[in-house]
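Engineer: So that we are looking at the same thing, I have put the structure below in structure tokens.
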Amino acid sequence: MNAFKAFKARVPIEWSPHLYITLARGLPGTRKLHRRTLEAMRLRKCNRTVMRWNTPTIRGMLQQVKRLIVVETEEMFKARKAQQAAHRALCPPIVVNHLPMANSSA
């Protein structure tokens with residue numbers, strides 16, 4: 001199980017008026033119909049996320065390109081972003097001092 005599926009397993013899935021769609025796989029080698037569907041959803045580059053309304057039209061488009069994308073509800077998206085922010089906050093900044101060392105021999 002990859003990390004994203006493990007993360008999705010921890011968040012309860014509920015109905016949401018918004019869907020967050022992320023392009024997970026590249027476009028080269030895909031069908032022209034799939035590329036045009038992704039272009040209609042404004043997904044042009046990998047790892048880009050767009051928010052769309054949860055409508056039957058959008059769900060049909062998602063069904064067509066389901067192997068190329070990752071779909072999250074609003075709660076899942078917010079939980080993932082909060083987890084990423086918490087992970088970044090744990091890393092202290094790197095401080096580099098370029099001043100010469102003071103001689104302590106006097």
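As shown in the structure tokens, the chain order sets the letters A, B, ...; within each chain, residues go from 1, and ligands are also counted from 1 in the order they appear.
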Residues of chain A classed as strand (DSSP E) by DSSP on the backbone are to be reported as an NGL selection string.

Structural biologist: :A and (18-23 or 49-53 or 69-73)

Engineer: Restricting it to N, CA, C and O atoms, dump the selection as a PDB file, in the first residue's frame.

Structural biologist:
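Done, and the output landed in out.pdb:
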ATOM      1  N   HIS A  18     -17.607  19.772  -3.066  1.00  0.00           N
ATOM      2  CA  HIS A  18     -16.422  20.035  -3.877  1.00  0.00           C
ATOM      3  C   HIS A  18     -15.582  18.772  -3.961  1.00  0.00           C
ATOM      4  O   HIS A  18     -15.468  18.027  -3.003  1.00  0.00           O
ATOM      5  N   LEU A  19     -14.963  18.563  -5.125  1.00  0.00           N
ATOM      6  CA  LEU A  19     -14.005  17.475  -5.295  1.00  0.00           C
ATOM      7  C   LEU A  19     -12.663  18.084  -5.666  1.00  0.00           C
ATOM      8  O   LEU A  19     -12.585  18.995  -6.490  1.00  0.00           O
ATOM      9  N   TYR A  20     -11.608  17.602  -5.041  1.00  0.00           N
ATOM     10  CA  TYR A  20     -10.258  18.049  -5.348  1.00  0.00           C
ATOM     11  C   TYR A  20      -9.607  16.963  -6.185  1.00  0.00           C
ATOM     12  O   TYR A  20      -9.432  15.832  -5.738  1.00  0.00           O
ATOM     13  N   ILE A  21      -9.247  17.308  -7.413  1.00  0.00           N
ATOM     14  CA  ILE A  21      -8.754  16.343  -8.390  1.00  0.00           C
ATOM     15  C   ILE A  21      -7.289  16.649  -8.655  1.00  0.00           C
ATOM     16  O   ILE A  21      -6.928  17.775  -8.987  1.00  0.00           O
ATOM     17  N   THR A  22      -6.444  15.633  -8.508  1.00  0.00           N
ATOM     18  CA  THR A  22      -5.008  15.776  -8.722  1.00  0.00           C
ATOM     19  C   THR A  22      -4.590  14.852  -9.854  1.00  0.00           C
ATOM     20  O   THR A  22      -4.944  13.669  -9.852  1.00  0.00           O
ATOM     21  N   LEU A  23      -3.840  15.382 -10.804  1.00  0.00           N
ATOM     22  CA  LEU A  23      -3.310  14.564 -11.890  1.00  0.00           C
ATOM     23  C   LEU A  23      -2.108  13.803 -11.361  1.00  0.00           C
ATOM     24  O   LEU A  23      -1.092  14.405 -11.006  1.00  0.00           O
ATOM     25  N   THR A  49      -3.471  20.234  -8.625  1.00  0.00           N
ATOM     26  CA  THR A  49      -4.785  19.963  -8.061  1.00  0.00           C
ATOM     27  C   THR A  49      -5.751  21.068  -8.460  1.00  0.00           C
ATOM     28  O   THR A  49      -5.402  22.245  -8.411  1.00  0.00           O
ATOM     29  N   VAL A  50      -6.959  20.664  -8.844  1.00  0.00           N
ATOM     30  CA  VAL A  50      -8.023  21.615  -9.147  1.00  0.00           C
ATOM     31  C   VAL A  50      -9.251  21.250  -8.321  1.00  0.00           C
ATOM     32  O   VAL A  50      -9.433  20.100  -7.922  1.00  0.00           O
ATOM     33  N   MET A  51     -10.086  22.244  -8.044  1.00  0.00           N
ATOM     34  CA  MET A  51     -11.321  22.015  -7.307  1.00  0.00           C
ATOM     35  C   MET A  51     -12.478  22.137  -8.294  1.00  0.00           C
ATOM     36  O   MET A  51     -12.565  23.093  -9.056  1.00  0.00           O
ATOM     37  N   ARG A  52     -13.358  21.144  -8.286  1.00  0.00           N
ATOM     38  CA  ARG A  52     -14.527  21.149  -9.152  1.00  0.00           C
ATOM     39  C   ARG A  52     -15.757  20.810  -8.323  1.00  0.00           C
ATOM     40  O   ARG A  52     -15.678  20.108  -7.314  1.00  0.00           O
ATOM     41  N   TRP A  53     -16.917  21.272  -8.782  1.00  0.00           N
ATOM     42  CA  TRP A  53     -18.174  20.936  -8.129  1.00  0.00           C
ATOM     43  C   TRP A  53     -18.469  19.465  -8.331  1.00  0.00           C
ATOM     44  O   TRP A  53     -18.161  18.896  -9.370  1.00  0.00           O
ATOM     45  N   ILE A  69      -5.813   9.957 -12.314  1.00  0.00           N
ATOM     46  CA  ILE A  69      -6.060  11.009 -11.334  1.00  0.00           C
ATOM     47  C   ILE A  69      -6.271  10.428  -9.940  1.00  0.00           C
ATOM     48  O   ILE A  69      -6.460   9.232  -9.771  1.00  0.00           O
ATOM     49  N   VAL A  70      -6.243  11.321  -8.944  1.00  0.00           N
ATOM     50  CA  VAL A  70      -6.603  11.013  -7.561  1.00  0.00           C
ATOM     51  C   VAL A  70      -7.685  12.001  -7.173  1.00  0.00           C
ATOM     52  O   VAL A  70      -7.531  13.206  -7.361  1.00  0.00           O
ATOM     53  N   VAL A  71      -8.791  11.498  -6.641  1.00  0.00           N
ATOM     54  CA  VAL A  71      -9.922  12.340  -6.265  1.00  0.00           C
ATOM     55  C   VAL A  71     -10.034  12.365  -4.752  1.00  0.00           C
ATOM     56  O   VAL A  71      -9.981  11.325  -4.097  1.00  0.00           O
ATOM     57  N   GLU A  72     -10.165  13.573  -4.186  1.00  0.00           N
ATOM     58  CA  GLU A  72     -10.308  13.745  -2.747  1.00  0.00           C
ATOM     59  C   GLU A  72     -11.544  14.596  -2.465  1.00  0.00           C
ATOM     60  O   GLU A  72     -11.894  15.465  -3.246  1.00  0.00           O
ATOM     61  N   THR A  73     -12.151  14.349  -1.315  1.00  0.00           N
ATOM     62  CA  THR A  73     -13.216  15.233  -0.854  1.00  0.00           C
ATOM     63  C   THR A  73     -12.575  16.429  -0.172  1.00  0.00           C
ATOM     64  O   THR A  73     -11.355  16.482   0.022  1.00  0.00           O
TER      65      THR A  73
END

Engineer: Do you know which residues are at most 9 Å from Lys45 of chain A counting only C-alpha atoms, after dropping those on the same chain fewer than 6 positions away, and could you put them as a PyMOL selection string?

Structural biologist: chain A and resi 23-27

Engineer: DSSP on the backbone, then: every residue of segment 5-92 of chain A marked helix (DSSP H, G or I), written as a PyMOL selection string.

Structural biologist: chain A and resi 5-10+32-40+56-64+74-89

Engineer: Looking at A:Leu38, A:Cys46, A:Val96, A:Ala82, which one is nearest to Gln63 of chain A, with distances taken over only C-alpha atoms?

Structural biologist: A:Leu38

Engineer: State, in Å with one decimal place, the distance from atom CA of Gln84 of chain A to atom CA of Asn54 of chain A.

Structural biologist: 24.9 Å

Engineer: Between atom CA of Arg48 of chain A and atom CA of Arg80 of chain A, what distance in Å does the model show, to one decimal?

Structural biologist: 14.3 Å

Engineer: Quote the spacing between atom CA of Val65 of chain A and atom CA of Pro17 of chain A in Å to one decimal place.

Structural biologist: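 Value for the atom CA of Val65 of chain A-atom CA of Pro17 of chain A distance: 20.2 Å.
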